[in-house]
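The data block below is model27.pdb; it holds PDB, C-alpha atoms and all ligand atoms.
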ATOM      1  CA  MET A   1      24.023   7.804  22.163
ATOM      2  CA  ASN A   2      26.875   8.937  19.953
ATOM      3  CA  GLY A   3      26.885  12.071  17.796
ATOM      4  CA  LEU A   4      25.823  10.336  14.618
ATOM      5  CA  GLY A   5      22.893   8.603  16.319
ATOM      6  CA  ARG A   6      21.734  11.892  17.755
ATOM      7  CA  TRP A   7      22.058  13.575  14.385
ATOM      8  CA  PHE A   8      20.052  10.821  12.692
ATOM      9  CA  ARG A   9      17.324  10.974  15.309
ATOM     10  CA  ARG A  10      16.986  14.711  14.827
ATOM     11  CA  PHE A  11      17.076  14.223  11.054
ATOM     12  CA  MET A  12      14.189  11.730  11.196
ATOM     13  CA  GLU A  13      12.047  13.934  13.404
ATOM     14  CA  GLY A  14       8.732  14.607  11.673
ATOM     15  CA  ARG A  15       9.585  12.220   8.877
ATOM     16  CA  TYR A  16       7.571   9.160   8.000
ATOM     17  CA  GLY A  17       9.952   6.204   8.434
ATOM     18  CA  ASN A  18       9.340   2.645   7.333
ATOM     19  CA  ASP A  19       6.111   0.693   6.847
ATOM     20  CA  LYS A  20       4.730  -2.478   5.269
ATOM     21  CA  LEU A  21       4.267  -0.821   1.876
ATOM     22  CA  ASN A  22       7.954   0.175   1.847
ATOM     23  CA  ASN A  23       8.915  -3.415   2.610
ATOM     24  CA  ALA A  24       6.722  -4.628  -0.250
ATOM     25  CA  ILE A  25       8.221  -2.110  -2.705
ATOM     26  CA  LEU A  26      11.713  -3.099  -1.569
ATOM     27  CA  GLY A  27      10.789  -6.756  -2.090
ATOM     28  CA  ALA A  28       9.642  -5.964  -5.636
ATOM     29  CA  ALA A  29      12.922  -4.114  -6.300
ATOM     30  CA  MET A  30      14.880  -7.140  -5.067
ATOM     31  CA  PHE A  31      12.823  -9.349  -7.358
ATOM     32  CA  PHE A  32      13.897  -7.326 -10.403
ATOM     33  CA  VAL A  33      17.553  -7.400  -9.321
ATOM     34  CA  VAL A  34      17.435 -11.182  -8.816
ATOM     35  CA  LEU A  35      15.647 -11.531 -12.169
ATOM     36  CA  THR A  36      18.727 -10.170 -13.963
ATOM     37  CA  LEU A  37      20.818 -12.972 -12.431
ATOM     38  CA  PHE A  38      18.611 -15.542 -14.131
ATOM     39  CA  ILE A  39      18.129 -13.795 -17.466
ATOM     40  CA  PRO A  40      21.537 -12.823 -18.858
ATOM     41  CA  ASN A  41      20.273 -10.342 -21.428
ATOM     42  CA  PRO A  42      21.547  -6.742 -21.634
ATOM     43  CA  LEU A  43      18.103  -5.315 -22.379
ATOM     44  CA  VAL A  44      16.430  -7.193 -19.510
ATOM     45  CA  ASP A  45      19.337  -6.103 -17.324
ATOM     46  CA  LEU A  46      18.823  -2.454 -18.244
ATOM     47  CA  ILE A  47      15.034  -2.485 -17.780
ATOM     48  CA  ALA A  48      15.043  -4.555 -14.576
ATOM     49  CA  HIS A  49      17.731  -2.410 -12.954
ATOM     50  CA  GLY A  50      15.919   0.725 -14.101
ATOM     51  CA  ILE A  51      12.700  -0.438 -12.423
ATOM     52  CA  ALA A  52      14.616  -1.511  -9.314
ATOM     53  CA  TYR A  53      16.204   1.944  -9.030
ATOM     54  CA  VAL A  54      12.855   3.704  -9.419
ATOM     55  CA  LEU A  55      11.314   1.457  -6.746
ATOM     56  CA  MET A  56      14.215   1.954  -4.345
ATOM     57  CA  PHE A  57      14.071   5.701  -4.878
ATOM     58  CA  ARG A  58      10.376   5.521  -4.025
ATOM     59  CA  VAL A  59      11.163   3.706  -0.751
ATOM     60  CA  ILE A  60      13.788   6.314   0.190
ATOM     61  CA  PHE A  61      11.388   9.111  -0.715
ATOM     62  CA  ARG A  62       8.597   7.602   1.406
ATOM     63  CA  THR A  63      10.878   6.949   4.394
ATOM     64  CA  PHE A  64      12.148  10.536   4.558
ATOM     65  CA  SER A  65       8.895  12.172   3.506
ATOM     66  CA  ARG A  66       7.498  14.868   5.787
ATOM     67  CA  ASN A  67       3.999  14.356   4.411
ATOM     68  CA  THR A  68       3.282  11.611   6.936
ATOM     69  CA  TYR A  69      -0.487  11.764   6.442
ATOM     70  CA  GLN A  70      -0.216  11.030   2.718
ATOM     71  CA  ARG A  71       2.287   8.196   3.310
ATOM     72  CA  TYR A  72       0.037   6.715   5.987
ATOM     73  CA  GLN A  73      -2.902   6.756   3.573
ATOM     74  CA  GLU A  74      -0.838   4.961   0.896
ATOM     75  CA  ASN A  75       0.081   2.255   3.377
ATOM     76  CA  ARG A  76      -3.520   1.940   4.546
ATOM     77  CA  LYS A  77      -4.766   1.493   0.958
ATOM     78  CA  TYR A  78      -2.095  -1.122   0.307
ATOM     79  CA  LEU A  79      -3.012  -3.112   3.429
ATOM     80  CA  GLN A  80      -6.713  -2.781   2.634
ATOM     81  CA  PHE A  81      -6.210  -4.024  -0.928
ATOM     82  CA  PHE A  82      -4.340  -7.163   0.155
ATOM     83  CA  GLY A  83      -6.684  -7.662   3.097
ATOM     84  CA  ARG A  84      -9.567  -7.814   0.616
ATOM     85  CA  MET A  85      -7.733 -10.192  -1.709
ATOM     86  CA  LYS A  86      -7.038 -12.628   1.111
ATOM     87  CA  ASP A  87     -10.621 -12.487   2.377
ATOM     88  CA  ARG A  88     -12.413 -15.310   0.550
ATOM     89  CA  ASP A  89     -15.536 -15.211   2.743
ATOM     90  CA  HIS A  90     -16.588 -11.635   2.096
ATOM     91  CA  ARG A  91     -17.110  -9.129  -0.653
ATOM     92  CA  TYR A  92     -16.413  -5.432  -0.289
ATOM     93  CA  TYR A  93     -18.509  -2.627  -1.697
ATOM     94  CA  ASP A  94     -18.311   1.119  -1.463
ATOM     95  CA  CYS A  95     -21.515   2.841  -0.494
ATOM     96  CA  PRO A  96     -22.691   4.774  -3.603
ATOM     97  CA  LYS A  97     -23.627   7.752  -1.460
ATOM     98  CA  CYS A  98     -20.913   8.239   1.157
ATOM     99  CA  ARG A  99     -18.116   5.881  -0.059
ATOM    100  CA  GLN A 100     -18.114   4.001   3.236
ATOM    101  CA  MET A 101     -16.684   0.512   2.727
ATOM    102  CA  VAL A 102     -19.229  -2.213   3.442
ATOM    103  CA  ARG A 103     -18.311  -5.848   3.932
ATOM    104  CA  VAL A 104     -20.898  -8.536   3.128
ATOM    105  CA  PRO A 105     -20.742 -12.358   3.213
ATOM    106  CA  ARG A 106     -19.916 -13.930  -0.147
ATOM    107  CA  GLY A 107     -22.175 -16.253  -2.147
ATOM    108  CA  LYS A 108     -25.616 -15.199  -0.870
ATOM    109  CA  GLY A 109     -26.901 -14.121  -4.292
ATOM    110  CA  LYS A 110     -28.450 -10.709  -4.760
ATOM    111  CA  ILE A 111     -28.747  -8.929  -1.446
ATOM    112  CA  ALA A 112     -29.932  -5.568  -0.246
ATOM    113  CA  ILE A 113     -27.159  -3.783   1.625
ATOM    114  CA  THR A 114     -27.764  -0.978   4.079
ATOM    115  CA  CYS A 115     -24.833   1.353   4.582
ATOM    116  CA  PRO A 116     -23.925   1.442   8.303
ATOM    117  CA  ARG A 117     -22.964   5.103   8.094
ATOM    118  CA  CYS A 118     -25.614   6.890   6.016
ATOM    119  CA  HIS A 119     -28.235   4.083   5.852
ATOM    120  CA  GLU A 120     -28.364   4.239   2.083
ATOM    121  CA  LYS A 121     -29.827   1.018   0.636
ATOM    122  CA  PHE A 122     -28.347  -0.586  -2.450
ATOM    123  CA  VAL A 123     -28.543  -4.031  -4.088
ATOM    124  CA  ARG A 124     -25.435  -5.994  -5.019
ATOM    125  CA  LYS A 125     -24.617  -9.562  -5.994
ATOM    126  CA  SER A 126     -22.590 -11.156  -3.202
TER
HETATM  127 ZN    ZN B 201     -23.213   5.347   2.990
END
This structure in C-alpha cells:
Amino acid sequence: MNGLGRWFRRFMEGRYGNDKLNNAILGAAMFFVVLTLFIPNPLVDLIAHGIAYVLMFRVIFRTFSRNTYQRYQENRKYLQFFGRMKDRDHRYYDCPKCRQMVRVPRGKGKIAITCPRCHEKFVRKS
C-alpha cells in the first residue's frame, strides 16, 4: 500500500465510514442538484443547491464521525422506518411500558397484544 493509502487508513481508524443512510442522503442531494437542471430559476437554483450542500455536509460529517454508536443508531432507525413502510402485512406498535417494538398481523380488528419483553398487555386496532 502506498503512503497515501496508509495515511487514509490511519485517518479512518475509529471513524464511522459509509452506510445506507449516507447513500440515501447523498441520493437526496443529487435529486436537488438534478432538479436545478430542469427548473431554470435563480431562486430554485439557490435553494436547491443550498439544501444539496447541507445534505452533502451531513454525509461527510457522518462518514468521518467518531461517535460511531450514534451514527449506527441513526442508520438503524432509518432502516427500521423504511422496513415498516414496506411491510404491508404487519403493523408495528411500541409497548407502552418498555418501548419494545411489537409486530402484529394487519387487518385482524381490535386485538390484545402481549409485549414479548415485559408481558404488558395492551389493546390496539390492527
Ligand atoms: Zn413491554
(request) Give as a PyMOL selection string the residues surrounding ligand ZN 201 (chain B) up to a distance of 8 Å, considering all atoms listed in the file. (result) chain A and resi 94-100+114-120
Quick one: apply the PyMOL selection byres (((chain A and resi 112) around 10) and not hetatm) to the file and drop the selected residues here as a compact mmCIF listing (two decimals) with C-alpha atoms, keeping the file's coordinate frame.
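Writing done, so here's result.txt:
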# COMPACT_ATOMS: atom_id res chain seq x y z
CA GLY A 109 -26.90 -14.12 -4.29
CA LYS A 110 -28.45 -10.71 -4.76
CA ILE A 111 -28.75 -8.93 -1.45
CA ILE A 113 -27.16 -3.78 1.62
CA THR A 114 -27.76 -0.98 4.08
CA CYS A 115 -24.83 1.35 4.58
CA LYS A 121 -29.83 1.02 0.64
CA PHE A 122 -28.35 -0.59 -2.45
CA VAL A 123 -28.54 -4.03 -4.09
CA ARG A 124 -25.44 -5.99 -5.02
CA LYS A 125 -24.62 -9.56 -5.99
CA SER A 126 -22.59 -11.16 -3.20
(request) Could you give me, as a PyMOL selection string, the residues within 8 Å of Asn75 of chain A, counting all atoms listed in the file and dropping anything in the same chain fewer than 5 positions from it? (result) chain A and resi 19-21
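Note that the spacing between atom CA of Arg91 of chain A and atom CA of Ala28 of chain A amounts to 27.4 Å.
One finds atom CA of Glu13 of chain A at 9.5 Å from atom CA of Phe64 of chain A.
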(request) Find the distance between atom CA of Ile25 of chain A and atom CA of Val44 of chain A and write it in Å to one decimal. (result) 19.4 Å
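Closest approach to Gln80 of chain A from the set A:Met56, A:Ala24, A:Met101, A:Leu43 is made by A:Met101, with distances taken over all atoms listed in the file.
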